[in-house]
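Notes follow the structure.
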Amino acid sequence: MTTFNTIEWVGGLDGYARLIDQTLLPNEFRLLDVHDVETMWEAIKTLRVRGAPAIGIAAAMGMVLATRNVQTEDSAEFRAAVDRAAQYLNSARPTAVNLFWATQRMQRLVASMEGAPVQAVKQRMLDEAIAILEEDAAVCRAIGEYGAQLIEDGQGWLTHCNAGALATARWGTATAAFYVAMEQGKRFHVYADETRPLLQGARLTTWELQRAGVPVTLITDNMAATVMAQGRVQGVIVGADRVTANGDFANKIGTLGVAILAKEFGIPFYVAVPRSTIDLSLPDGSGIPIEERKPEEVTEGFGKRTAPAGVDVYNPAFDVTPHRYVTAFVTECGIVRPPFAEGLRRLFSAQADK
Ligand code: MRU
């Protein structure tokens with residue numbers, strides 16, 4: 001049902017990454033061809049490509065772009081170049097763990113091929129980046145199959161930011177539930193939070209849901225309480241940038257407020273995530289690095305000044321929601337309910353892959 005490629009690789013090892021420039025949506029649909037790692041770094045930093053899983057895919061492709069022209073036959077020298085590329089790409093954005101997950105996966109691959117001809121390693125890196133892309137589409141589809149089970153005929157669902165097809169290889173995480181439920185013929189309605197300050201909900205979520213024929217109503221962030229109080233919403237589903245071992249999670253700024261509201265109104269609150277977003281190395285949400293972005297995103301977003309020059313601004317891009325607000329996590333391996341520490345850990349046991 002989603003008909004565009006958020007990001008893809010064109011050609012062979014001498015090819016390039018192609019991505020939708022999301023900063024231009026919904027007014028313009030323009031593809032950006034990325035031939036070098038600096039352009040990929042900039043694309044991640046400026047949110048041309050964004051959303052945790054898509055950032056991971058972009059970083060994996062960035063690793064290929066950074067190292068494919070390294071002229072050496074020496075394994076150790078090549079590996080050092082790979083490590084430098086990972087360090088560089090990791091500096092683009094701090095919160096979504098998928099970025100680090102993807103660069104580490106590429107580094108592990110290279111380490112496992114110690115002594116192999118460098119040309120063969122380069123080719124395997126491209127194969128791995130493409131595998132990360134293809135796996136993500138399958139993983140998101142599986143999340144959608146589980147998520148759709150939660151949606152009942154006649155319900156209203158609220159989502160925040162864009163955990164959509166535009167944030168992944170395909171389907172999205174939160175939106176995958178909507179796409180699969182649509183296929184199943186369920187009738188439901190989505191409320192999309194606008195998502196200040198960069199408007200991922202208004203610009204991206206409504207764009208992709210509308211294209212797919214999913215009934216969607218745009219609201220500003222400060223309307224969420226009212227639509228809940230009016231009984232229009234029976235479920236909330238969002239994505240995440242990083243889930244810690246106890247179930248605390250980081251997601252787009254404003255998610256915490258939505259979670260608190262959902263609890264107040266007795267509305268179930270779900271978080272749709274692939275395992276690549278779960279970071280068991282952090283015990284709880286207090287250790288998640290939160291990106292702070294430039295003040296202009298708040299004071300003159302999209303070219304129009306809406307605050308006096310020189311005003312002090314605080315602009316964290318993400319917030320952390322404590323696990324007590326989460327009803328369940330929807331993953332590619334199934335729905336995880338409390339106690340989360342145990343349930344999330346079990347996702348990484350050998351059993352989970354069967
Ligand atoms: O700053 P962004 O647009 O990259 O933030 C995106 C989000 O917060 C998403 O909800 C999250 O990455 C999950 S995407 C499946």
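By order in the structure tokens, chains are A, B, ...; within a chain, residues start at 1; ligands start at 1, following the order shown.
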
Please extract the residues at most 8 Å from ligand 1, counting only C-alpha atoms and all ligand atoms, and provide them as an mmCIF file with all heavy atoms, in the first residue's frame, using the chain letters and residue numbers of this document.
data_model
loop_
_atom_site.group_PDB
_atom_site.id
_atom_site.type_symbol
_atom_site.label_atom_id
_atom_site.label_comp_id
_atom_site.auth_asym_id
_atom_site.auth_seq_id
_atom_site.Cartn_x
_atom_site.Cartn_y
_atom_site.Cartn_z
ATOM 1 N N LEU A 47 17.703 16.190 8.472
ATOM 2 C CA LEU A 47 16.406 15.507 8.417
ATOM 3 C C LEU A 47 15.844 15.339 6.996
ATOM 4 O O LEU A 47 14.642 15.224 6.815
ATOM 5 C CB LEU A 47 15.368 16.203 9.317
ATOM 6 C CG LEU A 47 15.346 15.823 10.800
ATOM 7 C CD1 LEU A 47 16.691 16.005 11.482
ATOM 8 C CD2 LEU A 47 14.278 16.578 11.534
ATOM 9 N N VAL A 49 16.619 12.759 5.419
ATOM 10 C CA VAL A 49 16.215 11.396 5.741
ATOM 11 C C VAL A 49 16.139 11.347 7.261
ATOM 12 O O VAL A 49 17.047 11.817 7.944
ATOM 13 C CB VAL A 49 17.193 10.350 5.142
ATOM 14 C CG1 VAL A 49 18.619 10.533 5.639
ATOM 15 C CG2 VAL A 49 16.725 8.930 5.407
ATOM 16 N N ARG A 50 15.015 10.828 7.781
ATOM 17 C CA ARG A 50 14.830 10.884 9.236
ATOM 18 C C ARG A 50 13.901 9.748 9.649
ATOM 19 O O ARG A 50 13.334 9.054 8.821
ATOM 20 C CB ARG A 50 14.344 12.261 9.721
ATOM 21 C CG ARG A 50 13.449 13.066 8.853
ATOM 22 C CD ARG A 50 12.061 12.531 8.670
ATOM 23 N NE ARG A 50 11.426 12.187 9.907
ATOM 24 C CZ ARG A 50 10.470 11.299 10.023
ATOM 25 N NH1 ARG A 50 10.004 10.659 8.956
ATOM 26 N NH2 ARG A 50 9.922 11.007 11.176
ATOM 27 N N GLY A 51 13.755 9.618 10.980
ATOM 28 C CA GLY A 51 13.045 8.451 11.505
ATOM 29 C C GLY A 51 14.092 7.383 11.783
ATOM 30 O O GLY A 51 14.970 7.116 10.942
ATOM 31 N N ALA A 52 13.991 6.763 12.977
ATOM 32 C CA ALA A 52 15.092 5.917 13.449
ATOM 33 C C ALA A 52 15.521 4.824 12.453
ATOM 34 O O ALA A 52 16.716 4.733 12.111
ATOM 35 C CB ALA A 52 14.715 5.321 14.799
ATOM 36 N N PRO A 53 14.607 3.976 11.960
ATOM 37 C CA PRO A 53 15.077 2.912 11.056
ATOM 38 C C PRO A 53 15.675 3.458 9.751
ATOM 39 O O PRO A 53 16.693 2.935 9.266
ATOM 40 C CB PRO A 53 13.811 2.092 10.786
ATOM 41 C CG PRO A 53 12.939 2.360 11.990
ATOM 42 C CD PRO A 53 13.195 3.792 12.323
ATOM 43 N N ALA A 54 15.078 4.514 9.198
ATOM 44 C CA ALA A 54 15.603 5.075 7.941
ATOM 45 C C ALA A 54 16.996 5.676 8.152
ATOM 46 O O ALA A 54 17.867 5.586 7.271
ATOM 47 C CB ALA A 54 14.644 6.126 7.385
ATOM 48 N N ILE A 55 17.222 6.250 9.323
ATOM 49 C CA ILE A 55 18.554 6.790 9.637
ATOM 50 C C ILE A 55 19.568 5.643 9.664
ATOM 51 O O ILE A 55 20.699 5.782 9.180
ATOM 52 C CB ILE A 55 18.537 7.533 10.994
ATOM 53 C CG1 ILE A 55 17.692 8.810 10.917
ATOM 54 C CG2 ILE A 55 19.959 7.878 11.430
ATOM 55 C CD1 ILE A 55 17.488 9.495 12.274
ATOM 56 N N ALA A 96 18.583 8.419 18.088
ATOM 57 C CA ALA A 96 18.091 7.159 17.499
ATOM 58 C C ALA A 96 19.205 6.113 17.518
ATOM 59 O O ALA A 96 20.237 6.268 16.875
ATOM 60 C CB ALA A 96 17.599 7.382 16.077
ATOM 61 N N HIS A 160 1.763 10.405 16.908
ATOM 62 C CA HIS A 160 2.564 11.625 17.077
ATOM 63 C C HIS A 160 3.819 11.510 16.219
ATOM 64 O O HIS A 160 4.399 10.438 16.125
ATOM 65 C CB HIS A 160 2.945 11.769 18.559
ATOM 66 C CG HIS A 160 3.612 13.071 18.900
ATOM 67 N ND1 HIS A 160 2.921 14.255 18.989
ATOM 68 C CD2 HIS A 160 4.904 13.375 19.157
ATOM 69 C CE1 HIS A 160 3.762 15.227 19.302
ATOM 70 N NE2 HIS A 160 4.974 14.723 19.407
ATOM 71 N N CYS A 161 4.220 12.590 15.617
ATOM 72 C CA CYS A 161 5.390 12.622 14.725
ATOM 73 C C CYS A 161 5.116 11.750 13.499
ATOM 74 O O CYS A 161 3.950 11.546 13.106
ATOM 75 C CB CYS A 161 6.662 12.189 15.457
ATOM 76 S SG CYS A 161 8.180 12.538 14.520
ATOM 77 N N ASN A 162 6.162 11.232 12.869
ATOM 78 C CA ASN A 162 5.997 10.313 11.746
ATOM 79 C C ASN A 162 6.810 9.067 12.012
ATOM 80 O O ASN A 162 8.035 9.063 11.876
ATOM 81 C CB ASN A 162 6.428 10.954 10.418
ATOM 82 C CG ASN A 162 6.389 9.945 9.269
ATOM 83 O OD1 ASN A 162 7.418 9.354 8.922
ATOM 84 N ND2 ASN A 162 5.223 9.700 8.726
ATOM 85 N N ALA A 163 6.100 8.012 12.446
ATOM 86 C CA ALA A 163 6.704 6.684 12.535
ATOM 87 C C ALA A 163 6.121 5.909 11.366
ATOM 88 O O ALA A 163 5.514 4.859 11.512
ATOM 89 C CB ALA A 163 6.387 6.038 13.871
ATOM 90 N N GLY A 164 6.302 6.482 10.190
ATOM 91 C CA GLY A 164 5.633 6.000 8.997
ATOM 92 C C GLY A 164 6.574 5.362 8.000
ATOM 93 O O GLY A 164 7.761 5.149 8.279
ATOM 94 N N ALA A 165 6.020 5.093 6.819
ATOM 95 C CA ALA A 165 6.834 4.530 5.743
ATOM 96 C C ALA A 165 8.021 5.445 5.448
ATOM 97 O O ALA A 165 9.102 4.987 5.090
ATOM 98 C CB ALA A 165 5.975 4.331 4.502
ATOM 99 N N ALA A 167 9.761 6.908 7.509
ATOM 100 C CA ALA A 167 10.763 6.779 8.568
ATOM 101 C C ALA A 167 11.458 5.421 8.538
ATOM 102 O O ALA A 167 12.289 5.130 9.407
ATOM 103 C CB ALA A 167 10.098 6.991 9.931
ATOM 104 N N THR A 168 11.084 4.610 7.556
ATOM 105 C CA THR A 168 11.584 3.221 7.492
ATOM 106 C C THR A 168 11.796 2.860 6.013
ATOM 107 O O THR A 168 11.598 3.697 5.132
ATOM 108 C CB THR A 168 10.535 2.250 8.075
ATOM 109 O OG1 THR A 168 9.339 2.326 7.275
ATOM 110 C CG2 THR A 168 10.170 2.577 9.526
ATOM 111 N N GLY A 172 6.464 1.641 7.709
ATOM 112 C CA GLY A 172 6.538 2.344 8.984
ATOM 113 C C GLY A 172 6.437 1.381 10.137
ATOM 114 O O GLY A 172 6.354 0.160 9.946
ATOM 115 N N THR A 173 6.430 1.926 11.368
ATOM 116 C CA THR A 173 6.221 1.074 12.537
ATOM 117 C C THR A 173 4.795 1.321 13.065
ATOM 118 O O THR A 173 3.931 0.466 12.915
ATOM 119 C CB THR A 173 7.276 1.337 13.619
ATOM 120 O OG1 THR A 173 7.217 2.703 14.033
ATOM 121 C CG2 THR A 173 8.670 1.004 13.117
ATOM 122 N N ALA A 174 4.539 2.528 13.580
ATOM 123 C CA ALA A 174 3.174 2.841 14.037
ATOM 124 C C ALA A 174 2.192 2.776 12.859
ATOM 125 O O ALA A 174 1.106 2.200 12.977
ATOM 126 C CB ALA A 174 3.153 4.215 14.687
ATOM 127 N N LEU A 198 9.041 20.839 13.870
ATOM 128 C CA LEU A 198 9.354 20.546 12.456
ATOM 129 C C LEU A 198 8.195 19.902 11.699
ATOM 130 O O LEU A 198 8.334 19.545 10.524
ATOM 131 C CB LEU A 198 10.643 19.713 12.353
ATOM 132 C CG LEU A 198 11.891 20.471 12.815
ATOM 133 C CD1 LEU A 198 13.153 19.628 12.644
ATOM 134 C CD2 LEU A 198 12.062 21.793 12.049
ATOM 135 N N GLN A 200 6.554 17.029 11.548
ATOM 136 C CA GLN A 200 6.583 15.716 10.885
ATOM 137 C C GLN A 200 5.180 15.118 10.764
ATOM 138 O O GLN A 200 4.904 14.378 9.811
ATOM 139 C CB GLN A 200 7.483 14.742 11.666
ATOM 140 C CG GLN A 200 8.967 15.014 11.519
ATOM 141 C CD GLN A 200 9.494 15.924 12.605
ATOM 142 O OE1 GLN A 200 8.754 16.731 13.174
ATOM 143 N NE2 GLN A 200 10.772 15.825 12.914
ATOM 144 N N VAL A 238 2.659 5.088 18.727
ATOM 145 C CA VAL A 238 3.785 5.933 18.303
ATOM 146 C C VAL A 238 4.991 5.034 18.024
ATOM 147 O O VAL A 238 4.984 3.845 18.349
ATOM 148 C CB VAL A 238 4.163 6.970 19.394
ATOM 149 C CG1 VAL A 238 3.029 7.942 19.667
ATOM 150 C CG2 VAL A 238 4.594 6.272 20.684
ATOM 151 N N GLY A 239 6.019 5.608 17.446
ATOM 152 C CA GLY A 239 7.281 4.897 17.267
ATOM 153 C C GLY A 239 8.235 5.272 18.388
ATOM 154 O O GLY A 239 7.839 5.902 19.381
ATOM 155 N N ALA A 240 9.492 4.910 18.236
ATOM 156 C CA ALA A 240 10.503 5.297 19.228
ATOM 157 C C ALA A 240 11.862 5.393 18.543
ATOM 158 O O ALA A 240 12.091 4.794 17.491
ATOM 159 C CB ALA A 240 10.570 4.284 20.364
ATOM 160 N N ASP A 241 12.728 6.167 19.171
ATOM 161 C CA ASP A 241 14.107 6.294 18.696
ATOM 162 C C ASP A 241 15.061 5.435 19.501
ATOM 163 O O ASP A 241 16.138 5.075 19.031
ATOM 164 C CB ASP A 241 14.546 7.753 18.734
ATOM 165 C CG ASP A 241 13.824 8.536 17.650
ATOM 166 O OD1 ASP A 241 12.660 8.915 17.878
ATOM 167 O OD2 ASP A 241 14.397 8.692 16.565
ATOM 168 N N ALA A 250 12.687 6.923 24.249
ATOM 169 C CA ALA A 250 12.767 8.272 23.688
ATOM 170 C C ALA A 250 12.002 8.286 22.375
ATOM 171 O O ALA A 250 12.081 7.349 21.585
ATOM 172 C CB ALA A 250 14.223 8.658 23.444
ATOM 173 N N ASN A 251 11.251 9.339 22.175
ATOM 174 C CA ASN A 251 10.605 9.568 20.885
ATOM 175 C C ASN A 251 10.468 11.078 20.708
ATOM 176 O O ASN A 251 10.838 11.858 21.600
ATOM 177 C CB ASN A 251 9.235 8.865 20.824
ATOM 178 C CG ASN A 251 8.670 8.856 19.411
ATOM 179 O OD1 ASN A 251 9.377 8.515 18.451
ATOM 180 N ND2 ASN A 251 7.413 9.230 19.243
ATOM 181 N N LYS A 252 9.950 11.474 19.586
ATOM 182 C CA LYS A 252 9.830 12.893 19.252
ATOM 183 C C LYS A 252 9.246 13.704 20.399
ATOM 184 O O LYS A 252 8.295 13.282 21.064
ATOM 185 C CB LYS A 252 8.960 13.018 17.994
ATOM 186 C CG LYS A 252 8.686 14.422 17.502
ATOM 187 C CD LYS A 252 9.949 15.233 17.274
ATOM 188 C CE LYS A 252 10.927 14.531 16.360
ATOM 189 N NZ LYS A 252 12.289 15.130 16.415
ATOM 190 N N ILE A 253 9.790 14.890 20.599
ATOM 191 C CA ILE A 253 9.332 15.782 21.661
ATOM 192 C C ILE A 253 7.799 15.923 21.584
ATOM 193 O O ILE A 253 7.245 16.109 20.502
ATOM 194 C CB ILE A 253 10.048 17.161 21.564
ATOM 195 C CG1 ILE A 253 9.816 18.014 22.787
ATOM 196 C CG2 ILE A 253 9.677 17.911 20.288
ATOM 197 C CD1 ILE A 253 10.633 17.594 23.968
ATOM 198 N N ALA A 272 5.415 1.134 18.809
ATOM 199 C CA ALA A 272 5.750 0.169 17.760
ATOM 200 C C ALA A 272 7.232 0.300 17.409
ATOM 201 O O ALA A 272 7.673 1.376 16.985
ATOM 202 C CB ALA A 272 4.891 0.429 16.521
ATOM 203 N N VAL A 273 7.981 -0.761 17.622
ATOM 204 C CA VAL A 273 9.437 -0.688 17.394
ATOM 205 C C VAL A 273 10.017 -1.987 16.847
ATOM 206 O O VAL A 273 9.644 -3.079 17.283
ATOM 207 C CB VAL A 273 10.225 -0.395 18.695
ATOM 208 C CG1 VAL A 273 10.196 1.056 19.047
ATOM 209 C CG2 VAL A 273 9.790 -1.261 19.847
ATOM 210 N N ALA A 317 14.899 17.818 20.797
ATOM 211 C CA ALA A 317 14.156 17.177 19.695
ATOM 212 C C ALA A 317 13.381 15.944 20.152
ATOM 213 O O ALA A 317 12.506 15.460 19.427
ATOM 214 C CB ALA A 317 15.124 16.804 18.574
ATOM 215 N N PHE A 318 13.703 15.437 21.337
ATOM 216 C CA PHE A 318 13.069 14.206 21.821
ATOM 217 C C PHE A 318 12.747 14.344 23.309
ATOM 218 O O PHE A 318 13.346 15.175 23.992
ATOM 219 C CB PHE A 318 14.005 12.997 21.620
ATOM 220 C CG PHE A 318 14.349 12.780 20.163
ATOM 221 C CD1 PHE A 318 15.504 13.338 19.615
ATOM 222 C CD2 PHE A 318 13.502 12.056 19.338
ATOM 223 C CE1 PHE A 318 15.797 13.166 18.272
ATOM 224 C CE2 PHE A 318 13.791 11.889 17.995
ATOM 225 C CZ PHE A 318 14.943 12.439 17.461
#

Report as JSON lines the residues of stretch 131-229 of chain A within 12 Å of stretch 102-123 of chain A, each with its shortest atom pair and distance in Å (one decimal), using only C-alpha atoms, ordered by chain and increasing residue number.
{"residue": "A:Ala131", "atom": "CA", "partner": "A:Ala102", "partner_atom": "CA", "distance": 11.0}
{"residue": "A:Ile132", "atom": "CA", "partner": "A:Ala102", "partner_atom": "CA", "distance": 7.9}
{"residue": "A:Leu133", "atom": "CA", "partner": "A:Ala102", "partner_atom": "CA", "distance": 10.4}
{"residue": "A:Asp136", "atom": "CA", "partner": "A:Ala102", "partner_atom": "CA", "distance": 11.4}

Check stretch 224-263 of chain A with DSSP on the backbone and list each residue it calls helix (DSSP H, G or I), as a ChimeraX atom specification. /A:224-229,255-263

Kindly save the residues from that selection, with N, CA, C and O atoms included, as a short mmCIF file (atom, residue, chain, number, x, y, z; two decimals), in the first residue's frame.
data_model
loop_
_atom_site.label_atom_id
_atom_site.label_comp_id
_atom_site.auth_asym_id
_atom_site.auth_seq_id
_atom_site.Cartn_x
_atom_site.Cartn_y
_atom_site.Cartn_z
N ALA A 224 -4.66 17.49 21.44
CA ALA A 224 -4.75 16.06 21.77
C ALA A 224 -5.65 15.82 22.98
O ALA A 224 -6.48 14.90 22.98
N ALA A 225 -5.52 16.66 24.01
CA ALA A 225 -6.34 16.47 25.22
C ALA A 225 -7.82 16.57 24.87
O ALA A 225 -8.65 15.80 25.35
N THR A 226 -8.14 17.54 24.04
CA THR A 226 -9.56 17.74 23.69
C THR A 226 -10.12 16.57 22.91
O THR A 226 -11.21 16.09 23.21
N VAL A 227 -9.39 16.06 21.89
CA VAL A 227 -9.95 14.94 21.13
C VAL A 227 -10.09 13.70 22.02
O VAL A 227 -11.01 12.91 21.85
N MET A 228 -9.20 13.57 22.99
CA MET A 228 -9.34 12.45 23.93
C MET A 228 -10.55 12.67 24.85
O MET A 228 -11.35 11.77 25.07
N ALA A 229 -10.67 13.87 25.37
CA ALA A 229 -11.79 14.18 26.27
C ALA A 229 -13.13 14.00 25.55
O ALA A 229 -14.13 13.63 26.17
N THR A 255 5.86 13.43 22.86
CA THR A 255 5.33 12.09 23.09
C THR A 255 4.97 11.89 24.56
O THR A 255 3.93 11.30 24.89
N LEU A 256 5.82 12.40 25.45
CA LEU A 256 5.59 12.24 26.89
C LEU A 256 4.23 12.83 27.28
O LEU A 256 3.46 12.22 28.02
N GLY A 257 3.92 14.01 26.76
CA GLY A 257 2.64 14.65 27.07
C GLY A 257 1.47 13.79 26.59
O GLY A 257 0.47 13.62 27.31
N VAL A 258 1.61 13.23 25.41
CA VAL A 258 0.53 12.38 24.86
C VAL A 258 0.35 11.15 25.75
O VAL A 258 -0.78 10.72 26.03
N ALA A 259 1.46 10.58 26.21
CA ALA A 259 1.39 9.37 27.05
C ALA A 259 0.69 9.67 28.38
O ALA A 259 -0.12 8.88 28.85
N ILE A 260 1.02 10.82 28.95
CA ILE A 260 0.40 11.20 30.24
C ILE A 260 -1.11 11.41 30.03
O ILE A 260 -1.93 10.96 30.83
N LEU A 261 -1.45 12.07 28.93
CA LEU A 261 -2.87 12.29 28.63
C LEU A 261 -3.60 10.96 28.46
O LEU A 261 -4.72 10.77 28.95
N ALA A 262 -2.97 10.04 27.72
CA ALA A 262 -3.62 8.75 27.46
C ALA A 262 -3.92 8.04 28.78
O ALA A 262 -5.00 7.48 28.97
N LYS A 263 -2.97 8.11 29.69
CA LYS A 263 -3.19 7.46 31.00
C LYS A 263 -4.37 8.11 31.72
O LYS A 263 -5.24 7.43 32.28
#

Could you give me the residues within stretch 229-265 of chain A that DSSP places in strand (DSSP E or B), as a tab-separated table (two decimals) with N, CA and C atoms, in the first residue's frame?
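Saved the output as selection24.tsv:
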chain	number	residue	atom	x	y	z
A	235	GLY	N	-7.19	4.54	21.01
A	235	GLY	CA	-5.85	3.98	21.12
A	235	GLY	C	-4.82	4.99	20.62
A	236	VAL	N	-3.62	4.94	21.21
A	236	VAL	CA	-2.50	5.77	20.74
A	236	VAL	C	-1.40	4.82	20.31
A	237	ILE	N	-0.78	5.09	19.17
A	237	ILE	CA	0.38	4.29	18.77
A	237	ILE	C	1.45	5.23	18.20
A	238	VAL	N	2.66	5.09	18.73
A	238	VAL	CA	3.79	5.93	18.30
A	238	VAL	C	4.99	5.03	18.02
A	242	ARG	N	14.66	5.13	20.73
A	242	ARG	CA	15.48	4.24	21.55
A	242	ARG	C	14.63	3.75	22.73
A	243	VAL	N	14.61	2.45	22.92
A	243	VAL	CA	13.91	1.84	24.05
A	243	VAL	C	14.99	1.25	24.96
A	244	THR	N	14.92	1.54	26.26
A	244	THR	CA	15.94	1.01	27.17
A	244	THR	C	15.44	-0.27	27.83
A	249	PHE	N	11.39	4.94	27.00
A	249	PHE	CA	11.77	5.14	25.59
A	249	PHE	C	11.82	6.62	25.23
A	250	ALA	N	12.69	6.92	24.25
A	250	ALA	CA	12.77	8.27	23.69
A	250	ALA	C	12.00	8.29	22.37
A	251	ASN	N	11.25	9.34	22.18
A	251	ASN	CA	10.60	9.57	20.89
A	251	ASN	C	10.47	11.08	20.71
A	252	LYS	N	9.95	11.47	19.59
A	252	LYS	CA	9.83	12.89	19.25
A	252	LYS	C	9.25	13.70	20.40

Selection near A:Leu209, 12 Å with only C-alpha atoms, sequence-local residues under 4 positions removed, as a VMD selection string: chain A and resid 1 to 3 159 162 to 166 171 to 172 174 to 179 182 189 to 192 201 to 205 213 to 218

Let's have the selection written as a short mmCIF file (atom, residue, chain, number, x, y, z; two decimals), in the first residue's frame, with N, CA, C and O atoms.
data_model
loop_
_atom_site.label_atom_id
_atom_site.label_comp_id
_atom_site.auth_asym_id
_atom_site.auth_seq_id
_atom_site.Cartn_x
_atom_site.Cartn_y
_atom_site.Cartn_z
N MET A 1 0.83 -1.21 0.00
CA MET A 1 0.00 0.00 0.00
C MET A 1 0.86 1.27 0.00
O MET A 1 0.43 2.31 -0.46
N THR A 2 2.08 1.16 0.55
CA THR A 2 2.97 2.33 0.45
C THR A 2 3.74 2.19 -0.87
O THR A 2 4.31 1.14 -1.14
N THR A 3 3.73 3.22 -1.66
CA THR A 3 4.17 3.07 -3.05
C THR A 3 5.45 3.81 -3.39
O THR A 3 5.80 3.94 -4.54
N THR A 159 -1.67 9.35 16.61
CA THR A 159 -0.23 9.12 16.51
C THR A 159 0.50 10.46 16.55
O THR A 159 -0.10 11.51 16.27
N ASN A 162 6.16 11.23 12.87
CA ASN A 162 6.00 10.31 11.75
C ASN A 162 6.81 9.07 12.01
O ASN A 162 8.03 9.06 11.88
N ALA A 163 6.10 8.01 12.45
CA ALA A 163 6.70 6.68 12.53
C ALA A 163 6.12 5.91 11.37
O ALA A 163 5.51 4.86 11.51
N GLY A 164 6.30 6.48 10.19
CA GLY A 164 5.63 6.00 9.00
C GLY A 164 6.57 5.36 8.00
O GLY A 164 7.76 5.15 8.28
N ALA A 165 6.02 5.09 6.82
CA ALA A 165 6.83 4.53 5.74
C ALA A 165 8.02 5.44 5.45
O ALA A 165 9.10 4.99 5.09
N LEU A 166 7.81 6.74 5.62
CA LEU A 166 8.90 7.69 5.37
C LEU A 166 10.03 7.59 6.39
O LEU A 166 11.11 8.11 6.18
N TRP A 171 6.31 0.69 4.99
CA TRP A 171 5.25 0.44 5.96
C TRP A 171 5.27 1.33 7.19
O TRP A 171 4.23 1.67 7.71
N GLY A 172 6.46 1.64 7.71
CA GLY A 172 6.54 2.34 8.98
C GLY A 172 6.44 1.38 10.14
O GLY A 172 6.35 0.16 9.95
N ALA A 174 4.54 2.53 13.58
CA ALA A 174 3.17 2.84 14.04
C ALA A 174 2.19 2.78 12.86
O ALA A 174 1.11 2.20 12.98
N THR A 175 2.56 3.35 11.73
CA THR A 175 1.61 3.39 10.60
C THR A 175 1.42 2.01 9.97
O THR A 175 0.40 1.79 9.30
N ALA A 176 2.37 1.10 10.15
CA ALA A 176 2.21 -0.24 9.59
C ALA A 176 0.92 -0.87 10.09
O ALA A 176 0.19 -1.55 9.35
N ALA A 177 0.60 -0.61 11.37
CA ALA A 177 -0.64 -1.14 11.94
C ALA A 177 -1.84 -0.60 11.17
O ALA A 177 -2.80 -1.33 10.89
N PHE A 178 -1.79 0.68 10.80
CA PHE A 178 -2.90 1.28 10.05
C PHE A 178 -3.00 0.66 8.65
O PHE A 178 -4.08 0.35 8.17
N TYR A 179 -1.84 0.52 7.99
CA TYR A 179 -1.86 -0.01 6.61
C TYR A 179 -2.39 -1.45 6.58
O TYR A 179 -3.18 -1.81 5.70
N MET A 182 -6.12 -1.51 7.31
CA MET A 182 -6.83 -1.07 6.09
C MET A 182 -7.02 -2.24 5.14
O MET A 182 -8.11 -2.48 4.62
N HIS A 189 -10.26 5.59 12.23
CA HIS A 189 -9.89 6.96 11.89
C HIS A 189 -8.60 7.34 12.62
O HIS A 189 -8.44 7.00 13.79
N VAL A 190 -7.71 8.01 11.94
CA VAL A 190 -6.44 8.40 12.57
C VAL A 190 -6.42 9.91 12.83
O VAL A 190 -6.79 10.70 11.96
N TYR A 191 -5.99 10.29 14.03
CA TYR A 191 -5.69 11.69 14.35
C TYR A 191 -4.17 11.83 14.37
O TYR A 191 -3.49 11.08 15.07
N ALA A 192 -3.66 12.75 13.57
CA ALA A 192 -2.21 12.97 13.49
C ALA A 192 -1.86 14.28 14.17
O ALA A 192 -2.34 15.34 13.76
N GLY A 201 4.31 15.41 11.73
CA GLY A 201 2.94 14.87 11.66
C GLY A 201 2.16 15.53 10.54
O GLY A 201 1.52 14.87 9.72
N ALA A 202 2.23 16.86 10.50
CA ALA A 202 1.47 17.61 9.49
C ALA A 202 2.02 17.39 8.08
O ALA A 202 1.28 17.18 7.13
N ARG A 203 3.33 17.44 7.96
CA ARG A 203 3.94 17.39 6.62
C ARG A 203 4.06 15.97 6.09
O ARG A 203 3.93 15.75 4.89
N LEU A 204 4.35 15.00 6.99
CA LEU A 204 4.73 13.67 6.51
C LEU A 204 3.67 12.60 6.78
O LEU A 204 3.30 11.84 5.89
N THR A 205 3.18 12.55 8.04
CA THR A 205 2.22 11.48 8.37
C THR A 205 0.92 11.66 7.59
O THR A 205 0.41 10.70 6.99
N GLY A 213 -4.96 6.31 1.38
CA GLY A 213 -6.40 6.23 1.59
C GLY A 213 -6.82 5.94 3.02
O GLY A 213 -7.95 5.53 3.26
N VAL A 214 -5.92 6.16 3.97
CA VAL A 214 -6.28 5.98 5.39
C VAL A 214 -6.93 7.27 5.88
O VAL A 214 -6.34 8.34 5.76
N PRO A 215 -8.15 7.20 6.42
CA PRO A 215 -8.82 8.41 6.89
C PRO A 215 -8.02 9.08 8.00
O PRO A 215 -7.76 8.46 9.03
N VAL A 216 -7.62 10.32 7.78
CA VAL A 216 -6.75 10.99 8.76
C VAL A 216 -7.20 12.43 8.97
O VAL A 216 -7.59 13.11 8.03
N THR A 217 -7.15 12.85 10.23
CA THR A 217 -7.47 14.24 10.59
C THR A 217 -6.26 14.83 11.29
O THR A 217 -5.74 14.24 12.23
N LEU A 218 -5.85 15.98 10.82
CA LEU A 218 -4.70 16.67 11.41
C LEU A 218 -5.16 17.54 12.57
O LEU A 218 -6.15 18.27 12.45
#

From A:Asn90, A:Asn27, A:Ser286, A:Thr39, residue lying nearest A:Val320 [only C-alpha atoms]: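 Checking each candidate against A:Val320, we get A:Ser286 as the closest.
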
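Take atom CA of A:Ile290 and atom CA of A:Arg196: the distance between them is 16.4 Å.
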